[in-house]
Amino acid sequence: MRARLLLVLAAAAGLGAAAPVWAQDRTPATEAAATQAIAQIRSPYCPGLMLEVCPSQQAEFLRDSIHTMAAQGMTVPQIVERVLASHGEQYRALPKRSGAGIWAWVMPPLVLLAGLALVAWRIRRLRVARAGIPEPEAAPLSEEERARLEAALRGFDREEVAP
Amino acid sequence: MTQIGEVALWLALLVAGWGAVLGFYGGRRGRGDLVLSAERSMFAVFALLLTTSLAIIAAFLRSEFRYKYVAGYSNRELGLFYKITGLWAGQTGSLVFWALILSFFGSLVVLQNRRKNREFMPYVAATVLSVLAFFMVVVVFASNPFEVMGFVPPDGRGLNPQLQNYWMTIHPPTLYLGFTAFTIPFAFAISALLSGRLDTRWITTTRRWTLVAWFFLTCGIIFGMMWAYVELGWGGYWFWDPVENASLLPWLTGTAFLHSVMIQEKRGMLKLWNVLLVIATFLLSIFATFLTRSGLIESVHSFAENTTIAFIFLGFLSALLLASAGLVWWRRGAFKAESRLESFLSREAAFLVNNIVFISVMFAVLWGTTFPLISEGFFGQKIQVGPPFYDRVNVPLGLILLFLMGVGPVIAWRKATPRNLKRNFAAPLGMAIAVGLGLFVAGVHHPYALLTFALAAFTLTTIVVEFWKGTRARAKIEGEIAPVALLHLFERNRRRYGGYVVHAGFVICFCGFAGKAFNAEKQMALRPGESVTIASPFGHVYELTYQAMSWYPATNMTKLVATVDVKRDGRPAGMLAPEKRAYKQREEVTSEVGIRRAWNEDLYLIMAGVADAERFMSGQDPRPMATFKVLVNPLVPWIWLGGFIMAMGTLVALWPAAEVVRVTARAPARAPSPRPELVGV
């Protein structure tokens, strides 16, 4: 088991030695672009994990190369396309807004809009149905009736339930 | 002992099948004797499954490695506590555990309802027993915990290192408690459909069960986040992984249901919607169990071993879906609303929009989770969907929910007048604008974070105003001092004020999520004695000094520990000790992070790697270079605080009302027990 631990840590030794993560020619803007690009790529080295959290040494090298690409002036989409071109489309974490990928983006807002449209339609239908029915005329309340109403409303407020 | 457990498992299957058949038949024919037998079958199944579970635990404690399941999830040096938790460490045992909890809940329901809801109980017992029978079939025929290997290995493979964590011992049981408890409202909904009694009674009867399920599911999800945060070493707590998503799906529909039942109780509306929500919640619980075990979608949490189980689950899900849809169609005439939605500016509409948003979030999560399969099936191209997709789709929806959380509880029923709107929302709106402007001036320019804090201020103000108004009115009417009035306010309407507490917890959680926008991160290779500094978004600076490295063998593992001193603005602020662990039996090395917790942020330290480790461990280099990843995670503690407040609020809402306690206390010790009566259908 010690051998296993050594093996892993030896692999990580390169990581420790390399560690030129914050090279001098990198600016906060290029670092932010690199971070954005890394956040859009799944790790080719850790199944199921994003590149930003994959602990493997190769993932660290890939992240570092992305920081270098950003420092060279590449934009976020350019970096993402470059990485996916060399590693494979299956590592794209954010579906494209074209082709089959568009369906991933379109369906959730459609469901929300359909739901809201349904509620709006029900309310409108009810209003149309009520349009022909005259509202009953309300007689002015006496003082006693007004007091009873206020008391009832207070009771209603107390009794009503909240989530 | 293990042989007894295996026999008990078989008997549990037979008894569950027997009870299910008798329950449906007895209910249909109005035969009290058959229904009684079905109900007693529930107790028998619980006793039998308890025996099976104890037998599995005994096999773990005695390290009986001839059993494939025990050999796969234990080893001789594994601690006693983790041996006990071996019951739910793997797929096989977790299915038995699922069934055990369900049979326990089923028995409780039978006990609770032995003198009431008699028209529902035959079908409730039958539905729960049918679900139990399904789980027994899976366990007995596709995933038997008592499967014996052809040989006895000298030691087991050991428990997955990432599961050897206190949060992981409690996270699965609480999640299962939540999933299984949702079976009870589902069983009552099926019963209401079969008996044709679709008024509010099935909802009021299961109100507390729904809250119990929601409580456990919420706790389970929060515990899972805590586990991911301390154990996975990513610095994050939620990763939109398919298995995480699967646990969120029933929570979302369950939360929508908790809100929409109030409209049915108050206005007699949304009867069909509530039935559909409760069915969807249960189906999504089964879907979550299926997804964890199917291996169809890549996940870091999945413990899929046997794809046969995936197909059995898929068949069961399809059957449930068809049967539920058939029943709803059959009773479609019974869902007529007793009143109508009159205005968009009403509490009903606010709750309905809240429901639509919850369902939209659920759909977005479900859609994203299954999109790789859908895109492959329809377009021949497997398109992966990762965390950034969920963030982009769900953050706006979450903000709408945060806003509605402030609107829903205080807007008037039926139709709000301008006076009502002004009276209820002037102060919260003012507070939201003040907080938003104040934070903007203070330098918070992230749009979503700013909006979250402003909406949080809006919602929290509505809650505070509600408490203030209620306390003031009570103090005035009853002549009580404010703290006593507040206490009595809770007593008077636990559900309402418990709900407000839950909302407050949710708002605090949201603020915690928004803190992610200000995360700071640095990675650096250091020699002992060297330091790294990192600035917190709150303005102070941490200085971390790598002091020393040590390694030593511990029980069941070898540890490599770095000692790092922490200073905050130059003042000593404790020590962190991130670790690397290599567990015996498992070919895995895990990271244990060092966390310095404060009320507003976490300083999170990961030891990414060690150079010259071999020379260090052989004593040649006592000062090895190590790479550290340092993160400042603002407001993460608020997520745990918010989760705790949500749990407390749910407990307040769940607590039996004082009146009920008094009535129970006055009941005669030995009240005559009438024979169960049945209403034929």
# chains A, B, ... in the order shown; residues from 1 in each chain; ligands from 1
>>> residues_around(residues="segment 321-326 of chain B", least_positions_apart="5", cutoff="8 Å", atoms="only C-alpha atoms", output="list in words")
Ile190, Ile279 and Leu283 of chain B
>>> write_last_selection(atoms="N, CA and C atoms", output="compact mmCIF listing (two decimals), in the first residue's frame")
# COMPACT_ATOMS: atom_id res chain seq x y z
N ILE B 190 -53.33 6.71 -4.76
CA ILE B 190 -53.84 5.55 -5.52
C ILE B 190 -55.14 5.06 -4.88
N ILE B 279 -48.03 11.45 -7.66
CA ILE B 279 -47.62 10.29 -8.46
C ILE B 279 -46.23 10.55 -9.05
N LEU B 283 -42.83 8.39 -8.56
CA LEU B 283 -42.17 7.82 -9.74
C LEU B 283 -40.73 8.33 -9.85
>>> select_by_dssp(residues="segment 338-419 of chain B", states="alpha helix (DSSP H)", output="number ranges by chain")
B: 347-379, 387-407, 418-419
>>> closest_atom_pairs(of="chain B", to="chain A", cutoff="6 Å", atoms="only C-alpha atoms", output="tab-separated table")
residue	atom	partner	partner_atom	distance
B:Trp234	CA	A:Val53	CA	5.4
B:His259	CA	A:Pro163	CA	5.7
B:Glu298	CA	A:Gly48	CA	5.8
B:Ser299	CA	A:Gly48	CA	5.2
B:Val300	CA	A:Gly48	CA	5.5
B:Ile356	CA	A:Gly115	CA	5.9
B:Ser360	CA	A:Leu112	CA	5.4
B:Ala364	CA	A:Pro108	CA	5.0
B:Gln384	CA	A:Ala93	CA	5.9
B:Val385	CA	A:Ala93	CA	5.1
B:Gly386	CA	A:Ala93	CA	4.2
B:Phe389	CA	A:Leu94	CA	5.5
B:Pro409	CA	A:Ala162	CA	5.8
B:Arg496	CA	A:Ala162	CA	4.2
B:Gly499	CA	A:Pro163	CA	4.7
B:Ala525	CA	A:Gly16	CA	5.4
B:Ala582	CA	A:Leu5	CA	5.7
B:Gly609	CA	A:Ala12	CA	4.6
B:Val610	CA	A:Ala13	CA	5.3
B:Ala611	CA	A:Ala13	CA	3.6
B:Ala613	CA	A:Leu9	CA	5.9
B:Glu614	CA	A:Leu6	CA	5.8
B:Ala626	CA	A:Gly16	CA	5.8
B:Thr627	CA	A:Gly16	CA	4.9
>>> write_last_selection(atoms="C-alpha atoms", output="mmCIF file, in the first residue's frame")
data_model
loop_
_atom_site.group_PDB
_atom_site.id
_atom_site.type_symbol
_atom_site.label_atom_id
_atom_site.label_comp_id
_atom_site.auth_asym_id
_atom_site.auth_seq_id
_atom_site.Cartn_x
_atom_site.Cartn_y
_atom_site.Cartn_z
ATOM 1 C CA TRP B 234 -13.236 19.731 -5.235
ATOM 2 C CA HIS B 259 -47.597 24.262 -1.826
ATOM 3 C CA GLU B 298 -22.120 8.210 -16.372
ATOM 4 C CA SER B 299 -21.889 9.365 -12.778
ATOM 5 C CA VAL B 300 -19.231 9.605 -10.101
ATOM 6 C CA ILE B 356 -44.959 25.832 -12.660
ATOM 7 C CA SER B 360 -39.832 23.732 -14.966
ATOM 8 C CA ALA B 364 -34.744 21.162 -16.892
ATOM 9 C CA GLN B 384 -23.207 15.589 -22.795
ATOM 10 C CA VAL B 385 -24.694 18.194 -20.511
ATOM 11 C CA GLY B 386 -22.519 19.497 -17.706
ATOM 12 C CA PHE B 389 -25.871 24.123 -18.527
ATOM 13 C CA PRO B 409 -47.491 33.852 1.674
ATOM 14 C CA ARG B 496 -47.871 28.490 8.837
ATOM 15 C CA GLY B 499 -43.361 27.258 6.815
ATOM 16 C CA ALA B 525 4.160 24.643 -4.999
ATOM 17 C CA ALA B 582 -4.038 5.262 0.856
ATOM 18 C CA GLY B 609 0.674 16.542 -4.676
ATOM 19 C CA VAL B 610 4.061 15.948 -3.054
ATOM 20 C CA ALA B 611 7.377 16.012 -4.894
ATOM 21 C CA ALA B 613 7.610 11.520 -1.962
ATOM 22 C CA GLU B 614 9.709 8.366 -2.109
ATOM 23 C CA ALA B 626 4.211 20.056 -1.943
ATOM 24 C CA THR B 627 1.583 21.604 -4.192
#
>>> residues_around(residues="Pro624 of chain B", least_positions_apart="5", cutoff="9 Å", atoms="only C-alpha atoms", output="NGL selection string")
:B and (526-528 or 548-549 or 610-613 or 615-616)
>>> write_last_selection(atoms="C-alpha atoms", output="PDB file, in the first residue's frame")
ATOM      1  CA  LEU B 526       5.869  25.300  -1.661  1.00  0.00           C
ATOM      2  CA  ARG B 527       8.858  24.096   0.338  1.00  0.00           C
ATOM      3  CA  PRO B 528       8.506  23.934   4.155  1.00  0.00           C
ATOM      4  CA  ALA B 548       6.109  20.313   7.729  1.00  0.00           C
ATOM      5  CA  MET B 549       5.123  16.984   6.198  1.00  0.00           C
ATOM      6  CA  VAL B 610       4.061  15.948  -3.054  1.00  0.00           C
ATOM      7  CA  ALA B 611       7.377  16.012  -4.894  1.00  0.00           C
ATOM      8  CA  ASP B 612      10.118  13.557  -3.972  1.00  0.00           C
ATOM      9  CA  ALA B 613       7.610  11.520  -1.962  1.00  0.00           C
ATOM     10  CA  ARG B 615      12.785  10.142  -0.757  1.00  0.00           C
ATOM     11  CA  PHE B 616      10.643  11.731   1.933  1.00  0.00           C
TER      12      PHE B 616
END
>>> residues_around(residues="Arg597 of chain B", least_positions_apart="6", cutoff="9 Å", atoms="only C-alpha atoms", output="short mmCIF file (atom, residue, chain, number, x, y, z; two decimals) with C-alpha atoms, in the first residue's frame")
data_model
loop_
_atom_site.label_atom_id
_atom_site.label_comp_id
_atom_site.auth_asym_id
_atom_site.auth_seq_id
_atom_site.Cartn_x
_atom_site.Cartn_y
_atom_site.Cartn_z
CA LEU B 603 -10.67 28.71 3.89
CA TYR B 604 -10.33 25.42 2.02
CA PRO B 637 -21.40 28.16 5.93
#
>>> residues_around(residues="Ala416 of chain B", least_positions_apart="4", cutoff="7 Å", atoms="only C-alpha atoms", output="PDB file with all heavy atoms, in the first residue's frame")
ATOM      1  N   LEU B 345     -53.174  38.366  -9.742  1.00  0.00           N
ATOM      2  CA  LEU B 345     -52.734  38.975  -8.493  1.00  0.00           C
ATOM      3  C   LEU B 345     -53.480  38.328  -7.324  1.00  0.00           C
ATOM      4  O   LEU B 345     -54.338  38.936  -6.685  1.00  0.00           O
ATOM      5  CB  LEU B 345     -52.985  40.488  -8.521  1.00  0.00           C
ATOM      6  CG  LEU B 345     -52.112  41.265  -9.499  1.00  0.00           C
ATOM      7  CD1 LEU B 345     -52.513  42.725  -9.528  1.00  0.00           C
ATOM      8  CD2 LEU B 345     -50.637  41.143  -9.128  1.00  0.00           C
ATOM      9  N   SER B 346     -53.183  37.067  -7.086  1.00  0.00           N
ATOM     10  CA  SER B 346     -53.830  36.356  -5.984  1.00  0.00           C
ATOM     11  C   SER B 346     -52.859  35.308  -5.467  1.00  0.00           C
ATOM     12  O   SER B 346     -51.896  34.956  -6.142  1.00  0.00           O
ATOM     13  CB  SER B 346     -55.110  35.668  -6.472  1.00  0.00           C
ATOM     14  OG  SER B 346     -54.784  34.680  -7.424  1.00  0.00           O
ATOM     15  N   ILE B 411     -49.661  37.711  -0.215  1.00  0.00           N
ATOM     16  CA  ILE B 411     -50.645  38.282  -1.139  1.00  0.00           C
ATOM     17  C   ILE B 411     -52.034  37.710  -0.803  1.00  0.00           C
ATOM     18  O   ILE B 411     -52.145  36.600  -0.278  1.00  0.00           O
ATOM     19  CB  ILE B 411     -50.242  37.995  -2.611  1.00  0.00           C
ATOM     20  CG1 ILE B 411     -51.000  38.908  -3.570  1.00  0.00           C
ATOM     21  CG2 ILE B 411     -50.431  36.542  -2.972  1.00  0.00           C
ATOM     22  CD1 ILE B 411     -50.483  38.863  -4.999  1.00  0.00           C
ATOM     23  N   ALA B 412     -53.077  38.465  -1.110  1.00  0.00           N
ATOM     24  CA  ALA B 412     -54.425  38.050  -0.711  1.00  0.00           C
ATOM     25  C   ALA B 412     -54.922  36.872  -1.542  1.00  0.00           C
ATOM     26  O   ALA B 412     -54.516  36.701  -2.689  1.00  0.00           O
ATOM     27  CB  ALA B 412     -55.378  39.226  -0.892  1.00  0.00           C
ATOM     28  N   ASN B 420     -54.003  46.285  -0.751  1.00  0.00           N
ATOM     29  CA  ASN B 420     -53.372  45.100  -0.181  1.00  0.00           C
ATOM     30  C   ASN B 420     -51.918  44.977  -0.643  1.00  0.00           C
ATOM     31  O   ASN B 420     -51.011  44.687   0.140  1.00  0.00           O
ATOM     32  CB  ASN B 420     -54.188  43.864  -0.623  1.00  0.00           C
ATOM     33  CG  ASN B 420     -53.498  42.556  -0.308  1.00  0.00           C
ATOM     34  OD1 ASN B 420     -52.664  42.101  -1.071  1.00  0.00           O
ATOM     35  ND2 ASN B 420     -53.852  41.975   0.814  1.00  0.00           N
ATOM     36  N   LEU B 421     -51.698  45.209  -1.947  1.00  0.00           N
ATOM     37  CA  LEU B 421     -50.348  45.095  -2.494  1.00  0.00           C
ATOM     38  C   LEU B 421     -49.411  46.112  -1.851  1.00  0.00           C
ATOM     39  O   LEU B 421     -48.293  45.789  -1.465  1.00  0.00           O
ATOM     40  CB  LEU B 421     -50.365  45.298  -4.012  1.00  0.00           C
ATOM     41  CG  LEU B 421     -51.033  44.175  -4.823  1.00  0.00           C
ATOM     42  CD1 LEU B 421     -51.113  44.567  -6.291  1.00  0.00           C
ATOM     43  CD2 LEU B 421     -50.264  42.869  -4.678  1.00  0.00           C
TER      44      LEU B 421
END
>>> residues_around(residues="Thr452 of chain B", least_positions_apart="4", cutoff="7 Å", atoms="only C-alpha atoms", output="MDAnalysis selection string")
chainID B and resid 399 448 456 511 514
>>> residues_around(residues="Gln72 of chain A", least_positions_apart="3", cutoff="10 Å", atoms="only C-alpha atoms", output="list of chain:residue names")
A:Asp25, A:Arg26, A:Thr30, A:Ile66, A:His67, A:Thr68, A:Met69, A:Thr75
>>> atom_distance(atom1="atom CA of Pro372 of chain B", atom2="atom CA of Val83 of chain A")
20.3 Å
>>> decode(residues="segment 572-584 of chain B", atoms="all heavy atoms", output="mmCIF file, in the first residue's frame")
data_model
loop_
_atom_site.group_PDB
_atom_site.id
_atom_site.type_symbol
_atom_site.label_atom_id
_atom_site.label_comp_id
_atom_site.auth_asym_id
_atom_site.auth_seq_id
_atom_site.Cartn_x
_atom_site.Cartn_y
_atom_site.Cartn_z
ATOM 1 N N PRO B 572 -2.276 35.179 14.001
ATOM 2 C CA PRO B 572 -2.446 33.717 13.946
ATOM 3 C C PRO B 572 -3.927 33.335 13.899
ATOM 4 O O PRO B 572 -4.740 33.888 14.635
ATOM 5 C CB PRO B 572 -1.807 33.223 15.244
ATOM 6 C CG PRO B 572 -0.856 34.299 15.634
ATOM 7 C CD PRO B 572 -1.464 35.584 15.161
ATOM 8 N N ALA B 573 -4.256 32.381 12.997
ATOM 9 C CA ALA B 573 -5.666 31.981 12.835
ATOM 10 C C ALA B 573 -5.785 30.469 12.721
ATOM 11 O O ALA B 573 -6.606 29.947 11.975
ATOM 12 C CB ALA B 573 -6.254 32.671 11.615
ATOM 13 N N GLY B 574 -4.920 29.757 13.456
ATOM 14 C CA GLY B 574 -5.058 28.311 13.513
ATOM 15 C C GLY B 574 -4.145 27.564 12.555
ATOM 16 O O GLY B 574 -3.231 28.144 11.966
ATOM 17 N N MET B 575 -4.439 26.291 12.417
ATOM 18 C CA MET B 575 -3.589 25.420 11.620
ATOM 19 C C MET B 575 -4.471 24.509 10.770
ATOM 20 O O MET B 575 -5.538 24.094 11.209
ATOM 21 C CB MET B 575 -2.754 24.576 12.577
ATOM 22 C CG MET B 575 -1.596 23.875 11.955
ATOM 23 S SD MET B 575 -0.870 22.748 13.148
ATOM 24 C CE MET B 575 -2.030 21.407 13.114
ATOM 25 N N LEU B 576 -4.033 24.184 9.566
ATOM 26 C CA LEU B 576 -4.761 23.245 8.715
ATOM 27 C C LEU B 576 -3.873 22.037 8.445
ATOM 28 O O LEU B 576 -2.646 22.175 8.387
ATOM 29 C CB LEU B 576 -5.158 23.903 7.397
ATOM 30 C CG LEU B 576 -6.190 25.034 7.487
ATOM 31 C CD1 LEU B 576 -6.418 25.655 6.123
ATOM 32 C CD2 LEU B 576 -7.503 24.512 8.046
ATOM 33 N N ALA B 577 -4.508 20.880 8.288
ATOM 34 C CA ALA B 577 -3.726 19.657 8.070
ATOM 35 C C ALA B 577 -4.354 18.817 6.954
ATOM 36 O O ALA B 577 -4.997 17.797 7.214
ATOM 37 C CB ALA B 577 -3.640 18.864 9.364
ATOM 38 N N PRO B 578 -4.175 19.239 5.691
ATOM 39 C CA PRO B 578 -4.703 18.414 4.596
ATOM 40 C C PRO B 578 -3.919 17.107 4.490
ATOM 41 O O PRO B 578 -2.739 17.069 4.839
ATOM 42 C CB PRO B 578 -4.499 19.300 3.364
ATOM 43 C CG PRO B 578 -3.374 20.206 3.719
ATOM 44 C CD PRO B 578 -3.464 20.428 5.196
ATOM 45 N N GLU B 579 -4.620 16.066 4.027
ATOM 46 C CA GLU B 579 -4.000 14.731 4.004
ATOM 47 C C GLU B 579 -4.144 14.070 2.649
ATOM 48 O O GLU B 579 -5.038 14.412 1.865
ATOM 49 C CB GLU B 579 -4.709 13.804 5.021
ATOM 50 C CG GLU B 579 -4.628 14.242 6.445
ATOM 51 C CD GLU B 579 -5.453 13.313 7.343
ATOM 52 O OE1 GLU B 579 -5.919 12.250 6.867
ATOM 53 O OE2 GLU B 579 -5.632 13.668 8.526
ATOM 54 N N LYS B 580 -3.271 13.090 2.429
ATOM 55 C CA LYS B 580 -3.474 12.085 1.380
ATOM 56 C C LYS B 580 -3.579 10.760 2.118
ATOM 57 O O LYS B 580 -2.786 10.495 3.044
ATOM 58 C CB LYS B 580 -2.274 12.040 0.424
ATOM 59 C CG LYS B 580 -2.213 13.190 -0.551
ATOM 60 C CD LYS B 580 -3.131 12.953 -1.725
ATOM 61 C CE LYS B 580 -3.056 14.115 -2.705
ATOM 62 N NZ LYS B 580 -4.159 14.099 -3.648
ATOM 63 N N ARG B 581 -4.553 9.938 1.728
ATOM 64 C CA ARG B 581 -4.729 8.648 2.403
ATOM 65 C C ARG B 581 -4.722 7.519 1.388
ATOM 66 O O ARG B 581 -5.383 7.633 0.347
ATOM 67 C CB ARG B 581 -6.065 8.594 3.140
ATOM 68 C CG ARG B 581 -6.128 9.495 4.331
ATOM 69 C CD ARG B 581 -7.506 9.398 4.959
ATOM 70 N NE ARG B 581 -7.606 10.211 6.151
ATOM 71 C CZ ARG B 581 -8.709 10.334 6.865
ATOM 72 N NH1 ARG B 581 -9.816 9.719 6.471
ATOM 73 N NH2 ARG B 581 -8.723 11.073 7.938
ATOM 74 N N ALA B 582 -3.985 6.468 1.691
ATOM 75 C CA ALA B 582 -4.038 5.262 0.856
ATOM 76 C C ALA B 582 -4.664 4.169 1.707
ATOM 77 O O ALA B 582 -4.116 3.798 2.752
ATOM 78 C CB ALA B 582 -2.646 4.864 0.425
ATOM 79 N N TYR B 583 -5.826 3.702 1.283
ATOM 80 C CA TYR B 583 -6.562 2.716 2.078
ATOM 81 C C TYR B 583 -6.102 1.300 1.746
ATOM 82 O O TYR B 583 -5.741 1.007 0.605
ATOM 83 C CB TYR B 583 -8.063 2.835 1.804
ATOM 84 C CG TYR B 583 -8.685 4.016 2.491
ATOM 85 C CD1 TYR B 583 -8.572 5.285 1.940
ATOM 86 C CD2 TYR B 583 -9.358 3.871 3.688
ATOM 87 C CE1 TYR B 583 -9.123 6.385 2.573
ATOM 88 C CE2 TYR B 583 -9.917 4.969 4.320
ATOM 89 C CZ TYR B 583 -9.800 6.223 3.759
ATOM 90 O OH TYR B 583 -10.348 7.306 4.389
ATOM 91 N N LYS B 584 -6.102 0.439 2.741
ATOM 92 C CA LYS B 584 -5.770 -0.961 2.512
ATOM 93 C C LYS B 584 -6.851 -1.582 1.650
ATOM 94 O O LYS B 584 -8.006 -1.157 1.681
ATOM 95 C CB LYS B 584 -5.685 -1.698 3.855
ATOM 96 C CG LYS B 584 -4.442 -1.313 4.630
ATOM 97 C CD LYS B 584 -4.328 -2.082 5.923
ATOM 98 C CE LYS B 584 -3.073 -1.612 6.649
ATOM 99 N NZ LYS B 584 -2.997 -2.121 8.000
#
